[in-house]
file upload.cif (mmCIF, C-alpha atoms)
data_upload
#
loop_
_atom_site.label_atom_id
_atom_site.label_comp_id
_atom_site.auth_asym_id
_atom_site.auth_seq_id
_atom_site.Cartn_x
_atom_site.Cartn_y
_atom_site.Cartn_z
CA MET A 3 -43.34 -23.95 -21.12
CA GLN A 4 -42.77 -25.56 -17.71
CA PRO A 5 -40.00 -24.05 -15.58
CA ARG A 6 -37.03 -26.30 -15.03
CA VAL A 7 -35.96 -26.74 -11.44
CA GLY A 8 -33.18 -28.63 -9.75
CA PRO A 9 -29.49 -28.79 -10.61
CA SER A 10 -28.50 -26.83 -13.69
CA GLY A 11 -25.12 -26.62 -15.32
CA PRO A 12 -21.83 -28.23 -14.33
CA THR A 13 -20.05 -27.97 -11.00
CA GLN A 14 -16.31 -27.78 -10.51
CA VAL A 15 -14.28 -30.17 -8.34
CA GLY A 16 -10.60 -29.43 -8.68
CA HIS A 17 -9.85 -29.30 -12.40
CA TYR A 18 -12.72 -31.65 -13.22
CA CYS A 19 -16.12 -30.57 -14.49
CA LEU A 20 -18.91 -32.73 -13.07
CA VAL A 21 -21.67 -32.54 -15.67
CA THR A 22 -25.16 -32.55 -14.23
CA SER A 23 -26.30 -36.16 -13.88
CA SER A 24 -30.05 -35.67 -13.58
CA GLU A 25 -32.72 -33.02 -13.48
CA PHE A 26 -36.29 -32.88 -12.22
CA ILE A 27 -39.02 -30.94 -14.00
CA ARG A 28 -42.25 -30.36 -12.12
CA ARG A 29 -45.46 -30.55 -14.13
CA ALA A 30 -48.88 -30.68 -12.47
CA THR A 31 -49.87 -30.81 -8.80
CA LEU A 32 -52.63 -32.74 -7.08
CA ASP A 33 -54.77 -30.25 -5.19
CA GLY A 34 -54.85 -30.69 -1.44
CA THR A 35 -51.94 -33.13 -1.37
CA ALA A 36 -48.20 -33.37 -1.91
CA GLY A 37 -48.83 -35.37 -5.08
CA ARG A 38 -47.50 -34.13 -8.40
CA THR A 39 -46.41 -35.15 -11.85
CA GLY A 40 -43.02 -34.41 -13.30
CA THR A 41 -40.08 -35.63 -15.36
CA ILE A 42 -36.75 -36.96 -14.17
CA VAL A 43 -34.15 -36.42 -16.88
CA THR A 44 -31.23 -38.89 -16.85
CA PRO A 45 -28.36 -39.64 -19.23
CA HIS A 46 -30.34 -42.59 -20.59
CA GLY A 47 -33.72 -40.95 -20.99
CA GLU A 48 -36.65 -39.41 -19.17
CA ILE A 49 -38.88 -40.87 -16.46
CA HIS A 50 -42.36 -39.36 -16.37
CA THR A 51 -43.62 -39.41 -12.82
CA PRO A 52 -45.34 -40.83 -10.87
CA ALA A 53 -43.74 -44.00 -12.21
CA PHE A 54 -43.53 -47.61 -11.15
CA VAL A 55 -40.01 -49.03 -11.48
CA PRO A 56 -39.85 -52.82 -11.98
CA VAL A 57 -37.21 -54.66 -9.98
CA GLY A 58 -34.50 -56.46 -11.92
CA THR A 59 -32.50 -57.65 -8.92
CA LYS A 60 -29.69 -59.47 -10.70
CA ALA A 61 -29.78 -57.41 -13.92
CA THR A 62 -32.94 -59.16 -15.02
CA VAL A 63 -36.64 -58.90 -14.32
CA LYS A 64 -37.07 -62.58 -13.59
CA THR A 65 -38.40 -64.77 -16.43
CA VAL A 66 -38.93 -61.98 -18.99
CA LEU A 67 -36.88 -60.26 -21.68
CA PRO A 68 -35.78 -56.64 -21.12
CA GLU A 69 -37.36 -55.80 -24.48
CA SER A 70 -40.66 -57.19 -23.23
CA VAL A 71 -40.50 -55.06 -20.09
CA ALA A 72 -39.90 -51.97 -22.23
CA ALA A 73 -42.79 -52.88 -24.52
CA LEU A 74 -45.13 -52.85 -21.51
CA GLY A 75 -44.26 -49.19 -20.93
CA ALA A 76 -41.76 -49.52 -18.08
CA GLN A 77 -39.56 -46.43 -18.05
CA ALA A 78 -36.74 -47.65 -15.78
CA VAL A 79 -35.59 -50.73 -13.91
CA LEU A 80 -33.91 -51.14 -10.52
CA ALA A 81 -31.15 -53.65 -9.80
CA ASN A 82 -29.45 -54.63 -6.57
CA ALA A 83 -25.87 -53.76 -5.66
CA TYR A 84 -25.54 -56.55 -3.09
CA HIS A 85 -26.51 -59.35 -5.47
CA LEU A 86 -24.54 -58.00 -8.43
CA TYR A 87 -21.49 -57.50 -6.21
CA LEU A 88 -21.59 -61.17 -5.25
CA GLN A 89 -22.41 -62.38 -8.76
CA PRO A 90 -21.04 -61.73 -11.38
CA GLY A 91 -19.09 -58.87 -9.75
CA PRO A 92 -19.26 -55.13 -10.49
CA GLU A 93 -16.09 -55.16 -12.56
CA ILE A 94 -17.85 -57.36 -15.13
CA LEU A 95 -20.69 -54.84 -15.53
CA ASP A 96 -18.19 -51.99 -15.71
CA ARG A 97 -16.32 -53.69 -18.54
CA ALA A 98 -19.65 -54.31 -20.29
CA GLY A 99 -20.41 -50.60 -20.23
CA GLY A 100 -22.67 -50.55 -17.18
CA LEU A 101 -25.89 -52.16 -16.04
CA GLY A 102 -28.01 -51.04 -18.99
CA ALA A 103 -25.56 -52.24 -21.61
CA PHE A 104 -24.97 -55.51 -19.74
CA MET A 105 -28.67 -56.42 -19.66
CA ASN A 106 -29.55 -54.80 -23.01
CA TRP A 107 -31.78 -52.16 -21.42
CA SER A 108 -31.52 -48.78 -23.12
CA GLY A 109 -33.54 -46.74 -20.61
CA PRO A 110 -32.78 -45.28 -17.18
CA THR A 111 -31.56 -47.55 -14.40
CA TYR A 112 -31.44 -47.46 -10.60
CA THR A 113 -29.34 -49.47 -8.16
CA ASP A 114 -29.92 -49.61 -4.42
CA SER A 115 -26.94 -49.51 -2.08
CA GLY A 116 -27.10 -53.12 -0.89
CA GLY A 117 -27.89 -52.06 2.66
CA PHE A 118 -31.32 -53.70 2.72
CA GLN A 119 -30.03 -57.09 1.58
CA VAL A 120 -26.96 -56.98 3.83
CA MET A 121 -29.17 -56.52 6.88
CA SER A 122 -32.29 -58.53 5.91
CA LEU A 123 -30.30 -61.55 4.73
CA GLY A 124 -27.90 -60.99 7.60
CA VAL A 125 -30.60 -61.56 10.21
CA GLY A 126 -32.15 -64.46 8.35
CA PHE A 127 -35.32 -62.90 7.01
CA LYS A 128 -34.31 -63.47 3.37
CA LYS A 129 -36.36 -61.12 1.18
CA VAL A 130 -38.67 -59.63 3.82
CA ILE A 131 -38.18 -58.03 7.22
CA SER A 132 -41.28 -57.97 9.39
CA MET A 133 -43.15 -54.71 9.00
CA GLU A 134 -45.24 -55.35 12.10
CA ALA A 135 -44.64 -53.47 15.32
CA THR A 136 -46.17 -56.15 17.55
CA GLY A 137 -44.41 -57.73 20.50
CA PRO A 138 -41.51 -56.43 22.57
CA GLN A 139 -38.75 -54.50 20.81
CA ASP A 140 -35.49 -56.39 20.56
CA ASP A 141 -32.35 -55.03 18.90
CA SER A 142 -30.79 -58.50 18.70
CA ARG A 143 -33.67 -60.19 16.89
CA VAL A 144 -32.96 -62.65 14.10
CA ALA A 145 -35.30 -64.98 12.25
CA GLU A 146 -36.22 -68.13 14.16
CA GLY A 147 -33.69 -70.88 13.58
CA LYS A 148 -31.21 -68.56 11.85
CA GLU A 149 -27.85 -67.13 12.82
CA ARG A 150 -26.77 -63.51 12.48
CA LEU A 151 -24.74 -63.17 9.28
CA ALA A 152 -24.20 -59.39 9.39
CA ASN A 153 -22.68 -57.15 12.02
CA VAL A 154 -22.80 -53.37 11.80
CA ASP A 155 -20.33 -50.92 13.32
CA ASP A 156 -19.76 -47.21 12.83
CA ASP A 157 -17.48 -47.80 9.84
CA GLY A 158 -19.63 -50.26 7.91
CA VAL A 159 -21.05 -53.79 7.85
CA THR A 160 -19.28 -57.16 7.84
CA PHE A 161 -21.43 -59.92 6.44
CA LYS A 162 -21.39 -63.52 5.25
CA SER A 163 -22.48 -64.25 1.68
CA HIS A 164 -25.76 -66.14 1.48
CA LEU A 165 -24.33 -67.89 -1.60
CA ASP A 166 -21.15 -69.52 -0.33
CA GLY A 167 -20.54 -68.33 3.22
CA SER A 168 -17.57 -66.12 2.27
CA MET A 169 -17.01 -62.99 4.36
CA HIS A 170 -17.35 -59.48 2.93
CA ARG A 171 -17.23 -55.89 4.10
CA PHE A 172 -19.41 -52.98 2.91
CA THR A 173 -18.58 -49.41 3.85
CA PRO A 174 -20.00 -46.22 2.32
CA GLU A 175 -16.93 -46.04 0.09
CA VAL A 176 -17.26 -49.67 -0.99
CA SER A 177 -20.95 -49.22 -1.82
CA MET A 178 -20.18 -46.11 -3.88
CA GLY A 179 -17.39 -47.93 -5.70
CA ILE A 180 -19.66 -50.86 -6.53
CA GLN A 181 -22.51 -48.65 -7.73
CA HIS A 182 -20.20 -46.53 -9.88
CA GLN A 183 -18.96 -49.69 -11.55
CA LEU A 184 -22.53 -50.88 -12.02
CA GLY A 185 -23.13 -47.57 -13.80
CA ALA A 186 -26.82 -46.93 -13.00
CA ASP A 187 -28.21 -43.45 -13.64
CA ILE A 188 -29.58 -43.18 -10.10
CA ILE A 189 -27.78 -44.70 -7.12
CA PHE A 190 -28.46 -44.61 -3.39
CA ALA A 191 -26.32 -43.72 -0.40
CA PHE A 192 -25.33 -46.58 1.89
CA ASP A 193 -27.56 -46.58 4.95
CA GLU A 194 -28.35 -48.82 7.88
CA LEU A 195 -31.71 -50.52 7.66
CA THR A 196 -33.58 -50.82 10.93
CA THR A 197 -36.83 -52.63 11.67
CA LEU A 198 -39.87 -51.76 13.72
CA MET A 199 -38.53 -54.20 16.32
CA ASN A 200 -35.56 -51.96 17.09
CA THR A 201 -35.75 -49.79 20.18
CA ARG A 202 -36.03 -46.01 20.06
CA GLY A 203 -32.48 -45.75 21.40
CA TYR A 204 -31.09 -47.89 18.62
CA GLN A 205 -33.06 -45.94 16.01
CA GLU A 206 -31.39 -42.73 17.21
CA THR A 207 -27.91 -44.26 17.14
CA SER A 208 -28.53 -45.76 13.71
CA LEU A 209 -29.82 -42.48 12.31
CA GLU A 210 -26.63 -40.68 13.26
CA ARG A 211 -24.59 -43.53 11.80
CA THR A 212 -26.51 -43.23 8.53
CA ARG A 213 -25.95 -39.46 8.52
CA GLN A 214 -22.21 -39.94 8.90
CA TRP A 215 -22.25 -42.53 6.14
CA ALA A 216 -24.11 -40.08 3.90
CA ILE A 217 -21.27 -37.58 4.32
CA ARG A 218 -18.78 -40.23 3.28
CA CYS A 219 -20.97 -41.31 0.35
CA LEU A 220 -21.11 -37.74 -0.98
CA ALA A 221 -17.34 -37.36 -0.74
CA GLU A 222 -16.65 -40.66 -2.47
CA HIS A 223 -19.34 -40.02 -5.10
CA ASN A 224 -17.71 -36.69 -5.97
CA ARG A 225 -14.27 -38.30 -6.17
CA LEU A 226 -15.42 -41.17 -8.36
CA SER A 227 -17.50 -38.90 -10.59
CA ALA A 228 -14.38 -36.88 -11.35
CA GLU A 229 -12.21 -39.95 -11.75
CA ARG A 230 -14.74 -41.60 -14.06
CA SER A 231 -15.67 -38.52 -16.07
CA HIS A 232 -15.54 -40.64 -19.23
CA ARG A 233 -18.71 -42.41 -18.03
CA PRO A 234 -22.24 -40.92 -17.96
CA GLN A 235 -22.62 -38.97 -14.72
CA GLN A 236 -24.67 -40.64 -12.02
CA SER A 237 -27.10 -39.08 -9.56
CA LEU A 238 -26.66 -40.00 -5.89
CA TRP A 239 -29.80 -39.98 -3.76
CA GLY A 240 -29.79 -39.84 0.04
CA VAL A 241 -31.92 -42.33 1.98
CA VAL A 242 -34.21 -41.20 4.80
CA GLN A 243 -34.60 -43.57 7.74
CA GLY A 244 -36.23 -43.06 11.15
CA ALA A 245 -38.80 -45.88 11.32
CA GLN A 246 -42.21 -44.78 12.65
CA TYR A 247 -40.96 -41.77 14.64
CA GLU A 248 -42.02 -38.38 13.26
CA ASP A 249 -39.20 -36.42 14.89
CA LEU A 250 -36.57 -38.84 13.61
CA ARG A 251 -37.97 -38.92 10.08
CA ARG A 252 -38.11 -35.14 9.91
CA LYS A 253 -34.64 -34.75 11.41
CA ALA A 254 -33.15 -37.29 9.04
CA THR A 255 -34.68 -35.49 6.06
CA ARG A 256 -33.51 -32.06 7.15
CA ASP A 257 -30.02 -33.42 7.86
CA LEU A 258 -29.69 -34.90 4.37
CA VAL A 259 -30.98 -31.74 2.70
CA GLU A 260 -28.43 -29.70 4.66
CA LEU A 261 -25.61 -32.09 3.77
CA SER A 262 -26.53 -31.73 0.11
CA ARG A 263 -26.54 -27.93 0.36
CA ILE A 264 -23.12 -27.85 2.02
CA ASP A 265 -21.67 -30.30 -0.48
CA ARG A 266 -22.83 -28.21 -3.43
CA GLU A 267 -21.52 -25.01 -1.88
CA ASN A 268 -18.15 -26.74 -1.65
CA GLY A 269 -18.18 -27.74 -5.33
CA GLY A 270 -19.73 -31.19 -5.02
CA LYS A 271 -22.75 -32.72 -6.72
CA GLY A 272 -24.94 -33.02 -3.65
CA PHE A 273 -27.94 -35.34 -3.62
CA GLY A 274 -29.91 -35.49 -6.85
CA GLY A 275 -32.96 -36.85 -5.03
CA TYR A 276 -34.02 -38.78 -1.96
CA GLY A 277 -35.14 -42.30 -1.16
CA ILE A 278 -37.58 -43.10 1.62
CA GLY A 279 -36.54 -46.36 3.21
CA GLY A 280 -36.84 -48.51 6.28
CA ALA A 281 -39.71 -50.37 7.88
CA LEU A 282 -43.10 -48.79 7.29
CA GLU A 283 -46.32 -50.07 8.81
CA LYS A 284 -48.96 -50.24 6.10
CA ASP A 285 -51.48 -48.19 8.09
CA ASN A 286 -48.91 -45.41 8.62
CA LEU A 287 -47.30 -45.44 5.18
CA GLY A 288 -48.91 -42.23 3.94
CA THR A 289 -48.27 -40.38 7.18
CA ILE A 290 -44.58 -41.29 7.23
CA VAL A 291 -44.04 -40.49 3.55
CA GLY A 292 -45.81 -37.18 4.19
CA TRP A 293 -43.46 -36.28 7.05
CA VAL A 294 -40.51 -36.78 4.72
CA THR A 295 -41.83 -34.99 1.64
CA ASP A 296 -42.97 -32.10 3.82
CA GLU A 297 -39.29 -31.47 4.65
CA LEU A 298 -37.93 -31.94 1.14
CA PRO A 299 -37.44 -29.16 -1.41
CA ASP A 300 -39.98 -29.17 -4.23
CA ASP A 301 -37.26 -29.56 -6.83
CA ALA A 302 -36.05 -32.90 -5.41
CA PRO A 303 -37.47 -36.17 -6.80
CA ARG A 304 -38.47 -38.78 -4.21
CA HIS A 305 -38.34 -42.57 -4.48
CA LEU A 306 -40.22 -44.86 -2.11
CA LEU A 307 -38.26 -48.06 -1.68
CA GLY A 308 -40.37 -51.20 -1.82
CA ILE A 309 -44.17 -50.89 -1.62
CA SER A 310 -46.66 -53.52 -2.61
CA GLU A 311 -50.42 -53.27 -3.12
CA PRO A 312 -52.53 -50.89 -5.27
CA ASP A 313 -53.84 -48.95 -2.27
CA ASP A 314 -50.22 -48.38 -1.16
CA ILE A 315 -49.41 -46.96 -4.58
CA PHE A 316 -52.22 -44.41 -4.42
CA THR A 317 -51.22 -43.49 -0.86
CA ALA A 318 -47.61 -43.00 -1.95
CA ILE A 319 -48.60 -40.79 -4.89
CA GLU A 320 -50.84 -38.57 -2.77
CA ASN A 321 -48.07 -38.05 -0.24
CA GLY A 322 -45.49 -36.96 -2.76
CA ALA A 323 -43.61 -40.05 -3.94
CA ASP A 324 -42.48 -39.65 -7.55
CA THR A 325 -41.17 -43.15 -8.21
CA PHE A 326 -41.39 -46.44 -6.35
CA ASP A 327 -40.29 -50.03 -6.81
CA CYS A 328 -41.64 -53.34 -5.64
CA VAL A 329 -40.88 -57.01 -6.30
CA SER A 330 -44.43 -58.08 -5.41
CA PRO A 331 -46.04 -58.01 -8.90
CA THR A 332 -43.32 -60.26 -10.31
CA ARG A 333 -42.80 -62.44 -7.24
CA VAL A 334 -46.46 -63.36 -6.76
CA ALA A 335 -46.81 -63.90 -10.53
CA ARG A 336 -44.34 -66.76 -10.33
CA ASN A 337 -46.71 -68.45 -7.88
CA GLY A 338 -49.78 -67.98 -10.07
CA ALA A 339 -51.24 -64.84 -8.47
CA ILE A 340 -52.78 -62.58 -11.10
CA TYR A 341 -53.71 -58.91 -10.74
CA SER A 342 -56.95 -57.83 -12.39
CA PHE A 343 -59.17 -54.76 -12.20
CA ASP A 344 -61.62 -56.92 -10.24
CA GLY A 345 -59.05 -58.01 -7.69
CA ARG A 346 -56.21 -60.47 -7.34
CA TYR A 347 -56.82 -64.18 -7.91
CA ASN A 348 -54.79 -67.35 -8.21
CA VAL A 349 -54.98 -68.86 -11.68
CA THR A 350 -53.92 -72.25 -10.31
CA ASN A 351 -57.31 -72.66 -8.60
CA ARG A 352 -59.34 -75.51 -10.06
CA LYS A 353 -62.16 -73.26 -11.27
CA PHE A 354 -59.83 -71.84 -13.94
CA ARG A 355 -59.05 -75.26 -15.42
CA ASP A 356 -61.57 -74.72 -18.21
CA ASP A 357 -61.87 -70.91 -18.13
CA PHE A 358 -61.05 -69.77 -21.65
CA GLY A 359 -61.25 -66.05 -20.91
CA PRO A 360 -58.18 -63.76 -20.79
CA LEU A 361 -56.36 -63.00 -17.53
CA ASP A 362 -58.14 -59.63 -17.54
CA ALA A 363 -60.54 -58.74 -20.33
CA GLU A 364 -59.86 -54.99 -20.01
CA LEU A 365 -56.06 -55.05 -19.99
CA ASP A 366 -54.35 -55.28 -23.36
CA ASN A 367 -50.85 -56.75 -23.22
CA TYR A 368 -48.86 -59.63 -24.68
CA SER A 369 -50.45 -62.14 -22.30
CA THR A 370 -53.98 -61.19 -23.43
CA GLN A 371 -53.85 -63.76 -26.22
CA TYR A 372 -53.50 -66.59 -23.68
CA THR A 373 -56.40 -67.93 -21.60
CA ARG A 374 -56.73 -68.55 -17.90
CA ALA A 375 -57.11 -72.25 -18.71
CA TYR A 376 -53.79 -72.23 -20.56
CA LEU A 377 -51.93 -70.55 -17.69
CA HIS A 378 -53.61 -72.92 -15.23
CA HIS A 379 -52.25 -75.81 -17.30
CA LEU A 380 -48.76 -74.27 -17.53
CA PHE A 381 -48.50 -73.81 -13.79
CA LYS A 382 -49.80 -77.30 -13.06
CA ALA A 383 -47.35 -78.73 -15.61
CA LYS A 384 -44.54 -76.65 -14.05
CA GLU A 385 -43.71 -75.06 -17.38
CA GLY A 386 -41.46 -71.97 -17.30
CA LEU A 387 -43.73 -70.10 -19.70
CA ALA A 388 -46.29 -69.84 -16.89
CA SER A 389 -44.08 -67.45 -14.90
CA THR A 390 -43.21 -65.46 -18.01
CA LEU A 391 -46.80 -64.80 -19.04
CA ALA A 392 -48.01 -64.11 -15.49
CA THR A 393 -45.11 -61.74 -14.86
CA LEU A 394 -45.73 -59.80 -18.06
CA HIS A 395 -49.39 -59.44 -17.14
CA ASN A 396 -48.77 -58.25 -13.55
CA LEU A 397 -46.16 -55.75 -14.68
CA SER A 398 -48.55 -54.44 -17.32
CA PHE A 399 -51.28 -54.11 -14.70
CA THR A 400 -49.11 -52.14 -12.27
CA ILE A 401 -47.55 -49.91 -14.92
CA THR A 402 -50.99 -49.16 -16.36
CA LEU A 403 -52.38 -48.37 -12.90
CA VAL A 404 -49.66 -45.76 -12.29
CA ASP A 405 -49.69 -44.34 -15.82
CA ARG A 406 -53.42 -43.74 -15.56
CA ALA A 407 -52.96 -42.10 -12.15
CA ARG A 408 -50.40 -39.73 -13.67
CA LYS A 409 -52.74 -38.84 -16.50
CA ALA A 410 -55.63 -38.40 -14.06
CA ILE A 411 -53.60 -35.86 -12.04
CA GLU A 412 -52.88 -33.90 -15.20
CA ASP A 413 -56.50 -34.15 -16.38
CA GLY A 414 -57.88 -33.09 -12.99
CA ASN A 415 -59.92 -36.25 -12.29
CA TYR A 416 -57.51 -38.19 -10.06
CA TYR A 417 -59.89 -38.75 -7.14
CA ASP A 418 -62.59 -40.15 -9.41
CA TYR A 419 -60.06 -42.52 -10.94
CA ARG A 420 -58.68 -43.60 -7.56
CA ASP A 421 -62.06 -44.22 -5.94
CA GLU A 422 -63.42 -46.14 -8.91
CA PHE A 423 -60.28 -48.26 -9.19
CA LEU A 424 -59.97 -49.14 -5.51
CA GLY A 425 -63.70 -49.69 -5.05
CA ARG A 426 -63.73 -52.19 -7.86
CA TYR A 427 -60.41 -53.85 -7.06
CA TYR A 428 -61.08 -54.46 -3.40
CA ALA A 429 -64.67 -55.52 -4.07
CA GLY A 430 -63.10 -58.50 -5.80
CA THR A 431 -60.39 -59.36 -3.28
CA LYS A 432 -59.80 -59.02 0.43
CA ARG A 433 -57.20 -56.63 1.74
CA ALA A 434 -54.23 -58.34 3.34
CA GLY A 435 -55.03 -59.16 6.92
CA GLU A 436 -58.80 -58.81 6.65
#
call {"tool": "encode", "arguments": {"input": "upload.cif", "output": "structure tokens"}}
result
Amino acid sequence: MQPRVGPSGPTQVGHYCLVTSSEFIRRATLDGTAGRTGTIVTPHGEIHTPAFVPVGTKATVKTVLPESVAALGAQAVLANAYHLYLQPGPEILDRAGGLGAFMNWSGPTYTDSGGFQVMSLGVGFKKVISMEATGPQDDSRVAEGKERLANVDDDGVTFKSHLDGSMHRFTPEVSMGIQHQLGADIIFAFDELTTLMNTRGYQETSLERTRQWAIRCLAEHNRLSAERSHRPQQSLWGVVQGAQYEDLRRKATRDLVELSRIDRENGGKGFGGYGIGGALEKDNLGTIVGWVTDELPDDAPRHLLGISEPDDIFTAIENGADTFDCVSPTRVARNGAIYSFDGRYNVTNRKFRDDFGPLDAELDNYSTQYTRAYLHHLFKAKEGLASTLATLHNLSFTITLVDRARKAIEDGNYYDYRDEFLGRYYAGTKRAGE
């Protein structure tokens, strides 16, 4: 029997009993690395790690049914506090019984704090902030032709809605209140997102601001957990920032671990896990994740916020990430980009007009019964079914990739699996930027 590690038993806050909201069980380890397998236990089920978590930003994985996502083997979904706050409003989800009940998803759920969207949309970059560290650093940078819609101060962030231009204010307490109403099993502390364009001085100031916000998030999370004891208990995870600086990443991690220890000693819930956030250069992803996981206790699950390609996934696993999310598989699917074991291709290309083979002959999922020629036609005809079938396929591909990596760790043949997969995949497609 595997030893159970992590929080065990209830903690007392005043006359309330805060029942443990999650638990992490370590399983196997990947020799020579920080990689491991394990199980995150939540009120709505278990997540066997490493695990890919599909993104359902507005309480939906775009174009597909929640039941279809579950049938592909997805163990959890992640929604966005910023978007759900603006529409339909967290009180609606609370009255519905929480995110899972609202979207008819019975498994575990995550919500991020809204910090990424507040800042990325606030400086005009929409869904993506540049991950490149080229050019001079500039703390006032916004996207070309855009205006700054978010302003941060030590108390929180004031921002303009991208939907209707109305003004709003997020503080650590507001973010915690929203996420408690959304009711996800795993929620994240409100943090300030920085980019690789920010100066070292600003990164240091921001890191201290995020630390102070983490203290406030813990306090409010404890208060709301006691006040809402009739709801399933939620697990709050701290978010590690620090950009590409080793000393800042390590300091941020140690600070959050210490805050969690102090909070628990004082009767609070502490952090149930940790998210690794911020701008990460692709070439340094593994190094930065490794700095963070090196400072984290073994009994703490780790979530890497927003990675993209298959090689990034393997890098994240080997450096100790337990779960990770990304919109890329679903976003590119809606534009006709298809993942296959022989590389990524665009099914809208003319050569697939009369290709009656499956999207990938070796991947068995709902979309397997439809041909490349049919999807080519659907995309050209601008039929909604095109996005649905492509999304189901790309999710299946990514979930299968990670599930097989988990099994390979436990079977002791991970490196053979990784090398064979990447060798074949990138033989059929060019890496981004090459």
call {"tool": "atom_distance", "arguments": {"input": "upload.cif", "atom1": "CA of Thr289 (chain A)", "atom2": "CA of Gly322 (chain A)"}}
result
10.9 Å
call {"tool": "closest_residue", "arguments": {"input": "upload.cif", "among": "A:Leu101, A:Leu151, A:Ala83, A:Ala375", "to": "Ser177 (chain A)", "atoms": "all atoms listed in the file"}}
result
A:Ala83
call {"tool": "resolve_selection", "arguments": {"input": "upload.cif", "expression": "the PyMOL selection byres ((chain A and resi 360) around 10)", "output": "MDAnalysis selection string"}}
result
chainID A and resid 357:359 361:366 369:377
call {"tool": "closest_residue", "arguments": {"input": "upload.cif", "among": "A:Asn82, A:Thr400, A:Thr350, A:Gln246", "to": "Phe326 (chain A)", "atoms": "all atoms listed in the file"}}
result
A:Thr400
call {"tool": "residues_around", "arguments": {"input": "upload.cif", "residues": "Leu397 (chain A)", "least_positions_apart": "6", "cutoff": "9 Å", "atoms": "all atoms listed in the file", "output": "short mmCIF file (atom, residue, chain, number, x, y, z; two decimals) with C-alpha atoms, keeping the file's coordinate frame"}}
result
data_model
loop_
_atom_site.label_atom_id
_atom_site.label_comp_id
_atom_site.auth_asym_id
_atom_site.auth_seq_id
_atom_site.Cartn_x
_atom_site.Cartn_y
_atom_site.Cartn_z
CA PRO A 56 -39.85 -52.82 -11.98
CA VAL A 71 -40.50 -55.06 -20.09
CA LEU A 74 -45.13 -52.85 -21.51
CA ALA A 76 -41.76 -49.52 -18.08
CA PRO A 331 -46.04 -58.01 -8.90
CA THR A 332 -43.32 -60.26 -10.31
#
